[in-house]
$ cat run_10.txt   # compact mmCIF, C-alpha atoms and all ligand atoms
# COMPACT_ATOMS: atom_id res chain seq x y z
CA MET A 799 -70.58 -72.11 40.68
CA ASN A 800 -71.78 -71.47 37.17
CA LEU A 801 -70.41 -68.04 36.37
CA SER A 802 -71.06 -65.60 33.54
CA ALA A 803 -68.19 -64.21 31.47
CA PHE A 804 -68.36 -61.12 33.71
CA GLY A 805 -68.32 -63.30 36.84
CA GLN A 806 -65.37 -65.28 35.57
CA ARG A 807 -63.46 -62.15 34.77
CA LEU A 808 -63.99 -60.60 38.19
CA THR A 809 -63.16 -63.76 40.13
CA SER A 810 -60.19 -64.91 38.07
CA GLU A 811 -56.66 -64.27 39.30
CA SER A 812 -56.16 -60.51 39.45
CA GLY A 813 -52.93 -58.77 40.29
CA THR A 814 -54.64 -56.58 42.87
CA ARG A 815 -56.33 -59.54 44.57
CA SER A 816 -53.23 -61.73 44.74
CA LEU A 817 -51.20 -58.91 46.28
CA MET A 818 -53.87 -58.26 48.91
CA ASP A 819 -54.07 -62.03 49.60
CA ASP A 820 -50.32 -62.30 49.97
CA LEU A 821 -50.20 -59.43 52.44
CA GLY A 822 -53.13 -60.90 54.37
CA ALA A 823 -51.55 -64.37 54.54
CA ILE A 824 -48.25 -62.98 55.77
CA ALA A 825 -49.98 -60.89 58.44
CA ALA A 826 -52.12 -63.88 59.54
CA ALA A 827 -49.01 -66.05 59.90
CA GLY A 828 -47.92 -63.67 62.66
CA GLY A 829 -44.27 -62.91 63.32
CA ASP A 830 -42.50 -59.65 63.13
CA ILE A 831 -43.48 -58.56 59.64
CA MET A 832 -41.77 -55.57 58.11
CA ASN A 833 -44.50 -54.33 55.80
CA LEU A 834 -42.87 -52.29 53.06
CA GLY A 835 -45.48 -53.58 50.65
CA GLY A 836 -48.97 -52.20 51.15
CA GLY A 837 -50.62 -48.93 50.19
CA ASN A 838 -51.66 -47.93 53.70
CA PRO A 839 -50.73 -44.40 54.70
CA SER A 840 -48.74 -43.75 57.89
CA LEU A 841 -50.55 -43.43 61.19
CA ILE A 842 -49.47 -39.88 61.99
CA PRO A 843 -50.47 -38.84 65.54
CA ALA A 844 -50.87 -35.14 64.71
CA ALA A 845 -53.23 -35.99 61.84
CA GLU A 846 -55.17 -38.52 63.91
CA MET A 847 -55.70 -35.90 66.58
CA VAL A 848 -57.26 -33.55 64.01
CA PHE A 849 -59.64 -36.31 62.84
CA ARG A 850 -60.53 -37.29 66.41
CA VAL A 851 -61.43 -33.70 67.29
CA ARG A 852 -63.52 -33.32 64.12
CA LEU A 853 -65.37 -36.58 64.76
CA GLN A 854 -66.14 -35.52 68.33
CA ALA A 855 -67.43 -32.14 67.07
CA LEU A 856 -69.61 -33.96 64.52
CA MET A 857 -71.09 -36.14 67.24
CA GLN A 858 -71.86 -33.17 69.45
CA ARG A 859 -73.37 -30.90 66.80
CA ASP A 860 -77.15 -31.07 66.85
CA GLY A 861 -78.48 -33.49 64.25
CA ALA A 862 -75.18 -33.71 62.32
CA PHE A 863 -74.25 -37.20 63.49
CA GLU A 864 -77.76 -38.51 62.92
CA ARG A 865 -77.75 -37.09 59.41
CA ALA A 866 -74.32 -38.58 58.64
CA ILE A 867 -75.28 -42.10 59.66
CA GLY A 868 -79.02 -42.08 59.18
CA THR A 869 -79.75 -40.72 55.71
CA TYR A 870 -78.70 -41.42 52.13
CA ASP A 871 -76.87 -38.60 50.41
CA ALA A 872 -77.57 -37.65 46.78
CA PRO A 873 -76.10 -40.14 44.27
CA GLU A 874 -73.33 -37.57 43.61
CA GLY A 875 -72.52 -37.55 47.33
CA ASP A 876 -72.73 -34.98 50.16
CA ARG A 877 -73.48 -31.56 48.64
CA ASP A 878 -72.21 -29.57 51.64
CA PHE A 879 -68.83 -31.21 51.24
CA ALA A 880 -68.90 -30.60 47.48
CA ARG A 881 -69.69 -26.90 48.06
CA ALA A 882 -66.86 -26.59 50.61
CA LEU A 883 -64.41 -28.28 48.25
CA ALA A 884 -65.49 -26.19 45.26
CA GLY A 885 -64.89 -23.10 47.41
CA ILE A 886 -61.36 -24.12 48.32
CA LEU A 887 -60.54 -25.02 44.70
CA ARG A 888 -61.82 -21.65 43.49
CA ARG A 889 -59.88 -19.77 46.16
CA GLU A 890 -56.64 -21.76 46.12
CA GLN A 891 -56.37 -22.85 42.50
CA GLY A 892 -58.55 -20.30 40.73
CA TRP A 893 -60.56 -23.05 39.03
CA ASP A 894 -64.02 -22.27 37.71
CA VAL A 895 -65.84 -25.04 39.63
CA SER A 896 -69.02 -25.38 41.68
CA GLU A 897 -70.56 -28.32 43.51
CA ARG A 898 -72.03 -29.39 40.18
CA ASN A 899 -68.47 -30.27 39.12
CA ILE A 900 -67.95 -32.65 42.03
CA ALA A 901 -69.09 -36.22 42.65
CA LEU A 902 -68.07 -38.53 45.48
CA THR A 903 -67.49 -42.27 45.26
CA ASN A 904 -66.77 -45.04 47.75
CA GLY A 905 -63.01 -44.59 47.49
CA SER A 906 -61.35 -43.40 44.31
CA GLN A 907 -60.81 -47.02 43.23
CA SER A 908 -64.56 -47.20 42.52
CA ALA A 909 -64.30 -43.97 40.53
CA PHE A 910 -61.76 -45.57 38.19
CA ILE A 911 -64.01 -48.56 37.60
CA ALA A 912 -66.91 -46.25 36.76
CA LEU A 913 -64.84 -43.89 34.59
CA PHE A 914 -62.91 -46.53 32.64
CA ASN A 915 -66.11 -48.37 31.79
CA LEU A 916 -68.06 -45.20 31.03
CA PHE A 917 -65.56 -44.27 28.34
CA ALA A 918 -63.75 -47.36 27.05
CA GLY A 919 -64.84 -50.69 25.61
CA PRO A 920 -67.13 -51.65 22.77
CA ARG A 921 -69.31 -48.82 21.51
CA ALA A 922 -71.77 -48.41 18.67
CA GLY A 923 -70.28 -46.94 15.51
CA GLU A 924 -71.34 -43.48 14.44
CA ASP A 925 -74.54 -43.36 12.34
CA GLY A 926 -75.21 -46.99 13.13
CA GLY A 927 -71.90 -48.03 11.51
CA GLU A 928 -69.71 -50.92 12.65
CA ARG A 929 -69.13 -51.35 16.39
CA ARG A 930 -65.65 -50.51 17.55
CA SER A 931 -63.69 -50.67 20.74
CA THR A 932 -61.82 -47.88 22.45
CA ARG A 933 -59.17 -48.08 25.13
CA ILE A 934 -57.81 -46.27 28.17
CA LEU A 935 -54.27 -45.14 27.43
CA LEU A 936 -51.75 -45.16 30.28
CA PRO A 937 -49.02 -42.94 28.82
CA LEU A 938 -46.50 -43.75 31.54
CA SER A 939 -45.63 -47.31 32.41
CA PRO A 940 -44.99 -48.43 35.22
CA GLU A 941 -48.35 -47.30 36.59
CA TYR A 942 -50.80 -48.02 39.44
CA ILE A 943 -51.78 -51.70 39.70
CA GLY A 944 -55.36 -50.82 40.66
CA TYR A 945 -56.07 -49.89 37.03
CA ALA A 946 -55.19 -53.41 35.86
CA ASP A 947 -58.55 -55.02 36.42
CA ALA A 948 -60.77 -51.94 36.43
CA GLY A 949 -61.79 -52.40 32.79
CA LEU A 950 -64.69 -54.85 32.82
CA SER A 951 -64.26 -55.95 29.22
CA PRO A 952 -60.91 -57.47 28.20
CA GLY A 953 -58.22 -55.44 26.45
CA MET A 954 -59.47 -52.07 27.69
CA LEU A 955 -56.05 -50.79 28.72
CA THR A 956 -53.04 -49.96 26.64
CA ALA A 957 -49.81 -48.49 27.97
CA ARG A 958 -46.57 -47.05 26.65
CA ARG A 959 -43.12 -47.62 28.11
CA SER A 960 -41.80 -44.58 29.93
CA THR A 961 -38.60 -42.92 28.84
CA ILE A 962 -35.78 -43.04 31.40
CA THR A 963 -33.55 -40.08 32.23
CA ASP A 964 -30.45 -40.63 34.36
CA LEU A 965 -30.21 -37.81 36.92
CA GLY A 966 -26.85 -38.83 38.36
CA ASP A 967 -26.20 -39.72 42.00
CA ARG A 968 -28.03 -43.07 41.50
CA LEU A 969 -31.31 -41.32 40.68
CA PHE A 970 -33.44 -41.48 37.53
CA LYS A 971 -36.80 -40.16 36.32
CA TYR A 972 -39.46 -41.58 34.03
CA GLY A 973 -40.95 -39.43 31.30
CA VAL A 974 -43.68 -39.64 28.68
CA ASP A 975 -42.72 -41.01 25.26
CA PHE A 976 -44.90 -38.61 23.27
CA GLU A 977 -44.18 -40.27 19.93
CA GLY A 978 -45.45 -43.56 21.34
CA VAL A 979 -48.49 -41.86 22.82
CA GLU A 980 -49.38 -40.05 19.58
CA ALA A 981 -49.24 -43.36 17.69
CA VAL A 982 -52.04 -44.94 19.76
CA GLU A 983 -55.41 -45.03 18.01
CA ASP A 984 -58.84 -45.57 19.57
CA ILE A 985 -58.16 -43.59 22.73
CA ALA A 986 -61.23 -43.36 24.99
CA ALA A 987 -59.38 -41.52 27.76
CA ILE A 988 -55.80 -40.91 28.89
CA CYS A 989 -55.09 -41.72 32.54
CA VAL A 990 -52.07 -40.92 34.65
CA SER A 991 -51.42 -41.01 38.40
CA ARG A 992 -49.63 -37.87 39.61
CA PRO A 993 -47.73 -38.50 41.91
CA THR A 994 -47.40 -41.99 40.50
CA ASN A 995 -47.85 -45.13 42.52
CA PRO A 996 -45.47 -47.13 42.37
CA THR A 997 -42.60 -44.84 41.38
CA GLY A 998 -43.00 -41.56 43.25
CA ASN A 999 -42.75 -39.78 39.90
CA VAL A 1000 -44.54 -36.48 39.40
CA VAL A 1001 -45.40 -35.90 35.75
CA THR A 1002 -44.03 -32.45 34.90
CA ASP A 1003 -46.35 -29.50 34.31
CA GLU A 1004 -45.23 -29.47 30.69
CA GLU A 1005 -45.96 -33.17 30.20
CA LEU A 1006 -49.40 -32.70 31.75
CA THR A 1007 -50.19 -29.80 29.43
CA ARG A 1008 -49.13 -31.84 26.39
CA LEU A 1009 -51.16 -34.87 27.50
CA GLY A 1010 -54.17 -32.57 27.99
CA ALA A 1011 -53.76 -31.20 24.46
CA ILE A 1012 -53.50 -34.70 22.95
CA ALA A 1013 -56.58 -35.87 24.88
CA ARG A 1014 -58.59 -32.85 23.75
CA ALA A 1015 -57.54 -33.28 20.12
CA ARG A 1016 -58.79 -36.89 20.28
CA GLY A 1017 -62.11 -35.92 21.88
CA ALA A 1018 -61.11 -37.92 24.97
CA PRO A 1019 -60.84 -36.76 28.60
CA LEU A 1020 -57.59 -36.68 30.56
CA ILE A 1021 -58.00 -38.54 33.87
CA VAL A 1022 -55.50 -37.35 36.48
CA ASP A 1023 -55.30 -39.57 39.55
CA ASN A 1024 -54.44 -37.12 42.28
CA ALA A 1025 -54.72 -39.57 45.21
CA TYR A 1026 -51.41 -38.27 46.66
CA GLY A 1027 -51.43 -34.84 45.09
CA LEU A 1028 -52.26 -31.19 45.63
CA PRO A 1029 -53.96 -29.43 47.31
CA PHE A 1030 -54.49 -32.39 49.68
CA PRO A 1031 -53.08 -34.76 50.86
CA GLY A 1032 -50.26 -32.77 49.23
CA ILE A 1033 -47.58 -35.49 49.21
CA VAL A 1034 -45.55 -33.70 46.54
CA PHE A 1035 -41.94 -32.81 47.41
CA GLY A 1036 -40.98 -30.44 44.58
CA GLU A 1037 -42.71 -27.79 42.52
CA ALA A 1038 -45.72 -28.99 40.53
CA ALA A 1039 -48.89 -27.12 39.69
CA PRO A 1040 -52.20 -28.94 39.91
CA ALA A 1041 -54.29 -28.37 36.80
CA TRP A 1042 -57.93 -28.71 35.82
CA ASP A 1043 -60.11 -27.73 32.88
CA ASP A 1044 -63.41 -28.94 31.44
CA ASN A 1045 -61.69 -31.84 29.66
CA THR A 1046 -59.79 -32.99 32.77
CA ILE A 1047 -61.21 -35.50 35.25
CA LEU A 1048 -59.32 -34.97 38.49
CA CYS A 1049 -59.68 -37.83 40.97
CA MET A 1050 -58.89 -37.19 44.62
CA SER A 1051 -59.34 -39.14 47.82
CA LEU A 1052 -59.36 -38.75 51.59
CA SER A 1053 -57.41 -42.02 51.92
CA LYS A 1054 -53.83 -40.78 51.88
CA LEU A 1055 -54.64 -37.98 54.32
CA GLY A 1056 -55.01 -40.88 56.74
CA LEU A 1057 -58.65 -41.87 56.23
CA PRO A 1058 -58.67 -44.96 53.94
CA GLY A 1059 -61.27 -46.65 56.16
CA LEU A 1060 -63.81 -43.94 55.33
CA ARG A 1061 -63.69 -44.85 51.61
CA THR A 1062 -64.16 -41.38 50.20
CA GLY A 1063 -63.17 -40.71 46.61
CA ILE A 1064 -63.71 -37.35 44.92
CA VAL A 1065 -64.10 -36.64 41.20
CA ILE A 1066 -63.85 -33.12 39.76
CA ALA A 1067 -65.04 -32.94 36.16
CA ASN A 1068 -67.43 -31.16 33.81
CA GLU A 1069 -71.10 -31.29 34.73
CA GLU A 1070 -71.99 -33.92 32.13
CA ILE A 1071 -69.43 -36.37 33.53
CA ILE A 1072 -70.54 -35.66 37.11
CA ALA A 1073 -74.15 -36.41 36.14
CA ALA A 1074 -73.00 -39.68 34.53
CA LEU A 1075 -71.13 -40.63 37.72
CA GLY A 1076 -74.25 -39.85 39.76
CA ALA A 1077 -76.18 -42.26 37.52
CA VAL A 1078 -73.52 -44.97 37.99
CA ASN A 1079 -73.46 -44.42 41.77
CA ALA A 1080 -77.25 -44.75 41.95
CA ILE A 1081 -76.98 -48.19 40.35
CA PHE A 1082 -73.81 -49.40 42.10
CA CYS A 1083 -74.62 -48.21 45.61
CA LEU A 1084 -77.62 -45.77 45.63
CA ALA A 1085 -75.37 -43.14 47.21
CA PRO A 1086 -71.75 -43.05 48.38
CA GLY A 1087 -70.97 -43.21 52.11
CA SER A 1088 -71.71 -40.08 54.16
CA LEU A 1089 -69.35 -40.32 57.11
CA GLY A 1090 -66.13 -39.36 55.27
CA PRO A 1091 -67.52 -36.14 53.78
CA ALA A 1092 -69.39 -35.30 57.00
CA LEU A 1093 -66.11 -35.56 58.93
CA ALA A 1094 -64.15 -33.60 56.34
CA THR A 1095 -66.55 -30.76 55.43
CA ASP A 1096 -65.43 -28.36 58.18
CA LEU A 1097 -61.80 -29.33 57.65
CA VAL A 1098 -62.11 -28.31 54.01
CA GLU A 1099 -64.34 -25.27 54.56
CA SER A 1100 -62.01 -23.79 57.16
CA GLY A 1101 -58.90 -24.51 55.08
CA GLU A 1102 -57.46 -26.58 57.95
CA VAL A 1103 -56.98 -29.45 55.52
CA LEU A 1104 -54.40 -27.36 53.62
CA ALA A 1105 -52.43 -26.63 56.78
CA LEU A 1106 -52.58 -30.32 57.68
CA ALA A 1107 -51.26 -31.27 54.25
CA ARG A 1108 -48.50 -28.63 54.27
CA ASN A 1109 -47.36 -28.78 57.87
CA VAL A 1110 -47.91 -32.40 58.85
CA ILE A 1111 -48.46 -34.85 55.99
CA ARG A 1112 -45.98 -33.59 53.43
CA PRO A 1113 -43.00 -33.07 55.79
CA HIS A 1114 -43.61 -36.49 57.36
CA TYR A 1115 -43.21 -38.30 54.04
CA ALA A 1116 -40.56 -35.96 52.60
CA GLU A 1117 -38.28 -36.59 55.56
CA ARG A 1118 -38.78 -40.35 55.33
CA ALA A 1119 -38.11 -40.37 51.59
CA GLU A 1120 -34.78 -38.67 52.16
CA ARG A 1121 -33.73 -41.02 54.94
CA ALA A 1122 -34.78 -44.11 52.98
CA VAL A 1123 -32.87 -43.01 49.87
CA ASP A 1124 -29.75 -42.34 51.96
CA LEU A 1125 -29.95 -45.80 53.54
CA LEU A 1126 -30.26 -47.54 50.17
CA ARG A 1127 -27.61 -45.41 48.49
CA GLU A 1128 -25.07 -46.02 51.23
CA GLY A 1129 -25.93 -49.68 51.74
CA LEU A 1130 -25.83 -50.52 48.06
CA ASP A 1131 -22.66 -48.64 47.21
CA GLY A 1132 -20.82 -50.66 44.57
CA CYS A 1133 -23.99 -52.41 43.29
CA GLU A 1134 -25.59 -51.44 40.01
CA ILE A 1135 -28.78 -49.83 41.33
CA ARG A 1136 -30.91 -46.79 40.57
CA ILE A 1137 -33.71 -45.18 42.54
CA HIS A 1138 -36.52 -43.20 40.96
CA ARG A 1139 -36.20 -39.66 42.35
CA PRO A 1140 -38.86 -39.53 45.06
CA GLU A 1141 -41.02 -36.60 43.99
CA GLY A 1142 -44.19 -37.58 45.83
CA ALA A 1143 -46.42 -40.37 47.27
CA PHE A 1144 -44.70 -42.72 49.76
CA PHE A 1145 -42.85 -45.32 47.71
CA LEU A 1146 -39.28 -45.86 46.60
CA TRP A 1147 -38.92 -47.56 43.24
CA LEU A 1148 -35.66 -49.45 43.16
CA TRP A 1149 -34.28 -50.44 39.75
CA MET A 1150 -31.55 -53.08 39.67
CA PRO A 1151 -30.38 -53.34 36.05
CA GLY A 1152 -28.50 -56.55 35.33
CA LEU A 1153 -29.24 -58.16 38.71
CA PRO A 1154 -28.62 -61.93 38.22
CA ILE A 1155 -32.01 -62.79 39.82
CA THR A 1156 -35.47 -61.49 38.91
CA ASN A 1157 -37.48 -59.19 41.14
CA ALA A 1158 -39.87 -62.12 41.78
CA VAL A 1159 -37.01 -64.20 43.24
CA LEU A 1160 -35.81 -61.24 45.29
CA TYR A 1161 -39.39 -60.80 46.56
CA GLU A 1162 -39.45 -64.44 47.76
CA ARG A 1163 -36.04 -64.10 49.45
CA LEU A 1164 -37.22 -60.99 51.27
CA LYS A 1165 -40.51 -62.61 52.25
CA ALA A 1166 -38.58 -65.52 53.75
CA ARG A 1167 -36.94 -62.92 56.01
CA ASN A 1168 -40.29 -61.32 56.96
CA VAL A 1169 -39.84 -58.29 54.70
CA VAL A 1170 -42.73 -57.60 52.34
CA VAL A 1171 -42.22 -55.40 49.29
CA VAL A 1172 -44.08 -55.51 45.98
CA SER A 1173 -42.34 -57.06 43.02
CA GLY A 1174 -42.28 -54.60 40.15
CA GLN A 1175 -43.74 -56.70 37.32
CA HIS A 1176 -47.26 -56.12 38.68
CA PHE A 1177 -47.10 -52.42 37.84
CA PHE A 1178 -47.25 -52.58 34.07
CA PRO A 1179 -51.01 -52.80 33.38
CA GLY A 1180 -51.75 -52.49 29.66
CA LEU A 1181 -48.21 -53.60 28.78
CA GLU A 1182 -48.83 -57.30 29.38
CA ASP A 1183 -47.46 -58.65 26.08
CA ASP A 1184 -44.40 -56.51 26.23
CA ASP A 1185 -41.05 -58.24 26.88
CA TRP A 1186 -39.31 -55.21 28.44
CA PRO A 1187 -36.63 -56.64 30.82
CA HIS A 1188 -37.15 -53.54 33.01
CA LYS A 1189 -40.36 -55.16 34.34
CA HIS A 1190 -38.30 -57.80 36.11
CA GLU A 1191 -35.63 -55.46 37.48
CA CYS A 1192 -37.62 -53.25 39.88
CA ILE A 1193 -39.33 -53.45 43.26
CA ARG A 1194 -41.64 -51.05 45.08
CA ILE A 1195 -40.80 -50.20 48.68
CA SER A 1196 -43.33 -48.34 50.83
CA TYR A 1197 -41.88 -46.19 53.61
CA ALA A 1198 -45.21 -45.47 55.34
CA ASP A 1199 -45.19 -48.10 58.11
CA ASP A 1200 -43.65 -47.65 61.55
CA TRP A 1201 -40.17 -46.19 60.93
CA SER A 1202 -38.21 -48.68 63.04
CA ARG A 1203 -39.63 -51.54 60.96
CA ILE A 1204 -38.94 -49.67 57.71
CA GLU A 1205 -35.35 -49.12 58.79
CA ARG A 1206 -34.83 -52.80 59.63
CA GLY A 1207 -36.60 -53.82 56.40
CA LEU A 1208 -34.35 -51.55 54.34
CA GLY A 1209 -31.32 -53.14 56.06
CA ILE A 1210 -32.48 -56.60 54.98
CA ILE A 1211 -33.23 -55.38 51.43
CA VAL A 1212 -29.67 -54.04 51.28
CA GLU A 1213 -28.28 -57.43 52.42
CA GLU A 1214 -30.33 -59.42 49.93
CA VAL A 1215 -29.67 -57.13 46.96
CA ARG A 1216 -25.95 -57.15 47.80
CA ARG A 1217 -25.95 -60.96 48.01
CA ALA A 1218 -27.66 -61.17 44.59
CA CYS A 1219 -25.44 -58.55 42.97
CA ASN A 1220 -22.39 -60.47 44.17
CA GLY A 1221 -23.75 -63.58 42.43
CA GLY A 1222 -25.28 -65.20 45.57
C1 LIG B 1 -52.47 -44.00 42.70
C2 LIG B 1 -53.65 -44.46 43.48
N1 LIG B 1 -54.87 -44.15 43.04
C3 LIG B 1 -55.97 -44.53 43.68
C4 LIG B 1 -55.91 -45.29 44.83
C5 LIG B 1 -57.18 -45.71 45.47
O1 LIG B 1 -57.39 -45.14 46.70
P1 LIG B 1 -58.81 -45.09 47.42
O2 LIG B 1 -59.74 -46.05 46.71
O3 LIG B 1 -58.54 -45.50 48.82
O4 LIG B 1 -59.29 -43.68 47.29
C6 LIG B 1 -54.65 -45.64 45.35
C7 LIG B 1 -54.55 -46.47 46.56
O5 LIG B 1 -53.51 -46.94 46.94
C8 LIG B 1 -53.50 -45.22 44.64
O6 LIG B 1 -52.27 -45.53 45.07

$ encode --input "run_10.txt" --output "structure tokens" --more "lines below"
Ligand SMILES: Cc1ncc(COP(=O)(O)O)c(C=O)c1O
Amino acid sequence: MNLSAFGQRLTSESGTRSLMDDLGAIAAAGGDIMNLGGGNPSLIPAAEMVFRVRLQALMQRDGAFERAIGTYDAPEGDRDFARALAGILRREQGWDVSERNIALTNGSQSAFIALFNLFAGPRAGEDGGERRSTRILLPLSPEYIGYADAGLSPGMLTARRSTITDLGDRLFKYGVDFEGVEAVEDIAAICVSRPTNPTGNVVTDEELTRLGAIARARGAPLIVDNAYGLPFPGIVFGEAAPAWDDNTILCMSLSKLGLPGLRTGIVIANEEIIAALGAVNAIFCLAPGSLGPALATDLVESGEVLALARNVIRPHYAERAERAVDLLREGLDGCEIRIHRPEGAFFLWLWMPGLPITNAVLYERLKARNVVVVSGQHFFPGLEDDDWPHKHECIRISYADDWSRIERGLGIIVEEVRRACNGG
């Protein structure tokens, strides 16, 4: 195959691809795999029942099913869904938004590819001056691996190490190093996942406000990846206010509600950005898929999605987070470990300072025992040249899979970390 530079970049080893391959290979090998690695949400029966009922209603309503499968939506996606969502955001959050502030994409992952490349990369200088390059700044590192290869020209991401605050009781929290952030030049956009995958961190309201002010002062948007956040799927365990203004690009998704197969991403931004995303969609895919929004419109319009988030999704993960932390804390008593305080999403981020083996070796030992986690070094996109030892001291553990497998997997993690911390 004779590939272009673009082709070579997309097909070369990417962190996201190798992780997906690894998970696929392990699953194909069969055996009793304890999958504490992937990003799949839990299969929650009460949520599935809601989706089943909605899908049946869609199929029975005159013409609705035919429209959902038989016509292209606008390039910005289903307008009925956008109107319903704008309504809920006005009512619940008091935001000044209409359907013209909302575009849909085929999963929010595609939204990041569009947004990063709309804003960052080589651009013509002002008044025909010299060309220059701008970058997406990830102010908190570790950060979501999916950003790593979303920039289609090299060097589009830059990241700053998070600060670390010890909270006692084996817990810690990452924070934004604002001095480091302020020192970055050539910012095209600032992007942060809130709650954060892989750490379960929720950037504080104050940090978010400060990041918004920095972005605005630089003439750059603030991209907030709200894939796990409020108002839905609402996997946030403490107090945190969602925020939006005309310089914020809020990305949401139906995936973590339990619908990743429907590939529905949602972007809430000013009208100019929404029009740009419509233009990108038209080229990438003509129009985003219709089935996800068709299924979800009534859920959103009626507000049932908020009850689902509050009464089913959030408590499901909050309870698991607590149980998983207890198991690790008790099992690893006497070992030098820290856990990021689980504030949202469905991952535990285990930090093992001074462990005699790297996280990559621990990953292999766990894999040999049929336990799949994700080794932490993958979650530092934009910080590639940085020799921070922290990168090799952490693993991400998902607690979304079937609980009995999670429990057994955590037991094996405890055994292997203990063995390593005792010099084995
Ligand atoms: C933080 C974060 N953002 C975005 C995504 C992408 O989700 P989707 O493309 O399914 O909407 C994920 C998926 O795991 C994620 O964890």

$ atom_distance --input "run_10.txt" --atom1 "CA of Ala1107 in chain A" --atom2 "CA of Leu883 in chain A"
14.8 Å

$ residues_around --input "run_10.txt" --residues "Arg807 in chain A" --least-positions-apart "2" --cutoff "9 Å" --atoms "all atoms listed in the file" --output "PyMOL selection string"
chain A and resi 802-805+809-812+947+950-952

$ residues_around --input "run_10.txt" --residues "Leu1130 in chain A" --least-positions-apart "2" --cutoff "8 Å" --atoms "only C-alpha atoms" --output "VMD selection string"
chain A and resid 1126 to 1128 1132 to 1133 1135 1212 1215 to 1216

$ write_last_selection --input "run_10.txt" --atoms "C-alpha atoms" --output "PDB file, keeping the file's coordinate frame"
ATOM      1  CA  LEU A1126     -30.260 -47.540  50.170  1.00  0.00           C
ATOM      2  CA  ARG A1127     -27.610 -45.410  48.490  1.00  0.00           C
ATOM      3  CA  GLU A1128     -25.070 -46.020  51.230  1.00  0.00           C
ATOM      4  CA  GLY A1132     -20.820 -50.660  44.570  1.00  0.00           C
ATOM      5  CA  CYS A1133     -23.990 -52.410  43.290  1.00  0.00           C
ATOM      6  CA  ILE A1135     -28.780 -49.830  41.330  1.00  0.00           C
ATOM      7  CA  VAL A1212     -29.670 -54.040  51.280  1.00  0.00           C
ATOM      8  CA  VAL A1215     -29.670 -57.130  46.960  1.00  0.00           C
ATOM      9  CA  ARG A1216     -25.950 -57.150  47.800  1.00  0.00           C
TER      10      ARG A1216
END

$ closest_residue --input "run_10.txt" --among "A:Gly892, A:Gly953, A:Pro993, A:Gly885" --to "ligand LIG 1 (chain B)" --atoms "only C-alpha atoms and all ligand atoms"
A:Pro993

$ closest_atom_pairs --input "run_10.txt" --of "chain A" --to "ligand LIG 1 (chain B)" --cutoff "9 Å" --atoms "only C-alpha atoms and all ligand atoms" --output "tab-separated table"
residue	atom	partner	partner_atom	distance
A:Gly836	CA	B:LIG1	O5	8.1
A:Gly837	CA	B:LIG1	O5	4.8
A:Asn838	CA	B:LIG1	O5	7.1
A:Pro839	CA	B:LIG1	O5	8.6
A:Thr903	CA	B:LIG1	O4	8.6
A:Asn904	CA	B:LIG1	O2	7.2
A:Gly905	CA	B:LIG1	O2	3.7
A:Ser906	CA	B:LIG1	O4	3.6
A:Gln907	CA	B:LIG1	O2	3.8
A:Ser908	CA	B:LIG1	O2	6.5
A:Ala909	CA	B:LIG1	O2	8.0
A:Phe910	CA	B:LIG1	C3	8.0
A:Glu941	CA	B:LIG1	C1	8.1
A:Tyr942	CA	B:LIG1	C1	5.4
A:Ile943	CA	B:LIG1	O6	8.2
A:Gly944	CA	B:LIG1	C4	6.9
A:Tyr945	CA	B:LIG1	N1	8.4
A:Val990	CA	B:LIG1	C1	8.6
A:Ser991	CA	B:LIG1	C1	5.3
A:Arg992	CA	B:LIG1	C1	7.4
A:Pro993	CA	B:LIG1	C1	7.3
A:Thr994	CA	B:LIG1	C1	5.9
A:Asn995	CA	B:LIG1	C1	4.8
A:Pro996	CA	B:LIG1	O6	7.5
A:Asp1023	CA	B:LIG1	N1	5.8
A:Asn1024	CA	B:LIG1	N1	7.1
A:Ala1025	CA	B:LIG1	N1	5.1
A:Tyr1026	CA	B:LIG1	C1	7.0
A:Cys1049	CA	B:LIG1	C3	8.1
A:Met1050	CA	B:LIG1	O4	7.0
A:Ser1051	CA	B:LIG1	O4	4.6
A:Leu1052	CA	B:LIG1	O4	6.5
A:Ser1053	CA	B:LIG1	O3	4.8
A:Lys1054	CA	B:LIG1	O3	7.3
A:Leu1057	CA	B:LIG1	O3	8.3
A:Pro1058	CA	B:LIG1	O3	5.2
A:Gly1059	CA	B:LIG1	O3	7.9
A:Leu1060	CA	B:LIG1	O3	8.5
A:Arg1061	CA	B:LIG1	O3	5.9
A:Thr1062	CA	B:LIG1	O4	6.1
A:Gly1063	CA	B:LIG1	O4	4.9
A:Ile1064	CA	B:LIG1	O4	8.1
A:Ala1143	CA	B:LIG1	O6	8.1

$ closest_residue --input "run_10.txt" --among "A:Ala946, A:Ala827, A:Ile886, A:Ala1015" --to "Phe1178 in chain A" --atoms "all atoms listed in the file"
A:Ala946

$ atom_distance --input "run_10.txt" --atom1 "CA of Gly1027 in chain A" --atom2 "CA of Ile831 in chain A"
28.9 Å

$ residues_around --input "run_10.txt" --residues "Glu1214 in chain A" --least-positions-apart "4" --cutoff "12 Å" --atoms "all atoms listed in the file" --output "list in words"
Leu1126, Gly1129, Leu1130, Cys1133, Leu1153, Ile1155, Asn1157, Val1159, Leu1160, Tyr1161, Glu1162, Arg1163, Leu1164, Lys1165, Ala1166, Arg1167, Val1169, Gly1207, Leu1208, Gly1209, Ile1210, Ala1218, Cys1219, Asn1220, Gly1221 and Gly1222 of chain A

$ atom_distance --input "run_10.txt" --atom1 "CA of Gly1036 in chain A" --atom2 "CA of Val1000 in chain A"
8.7 Å
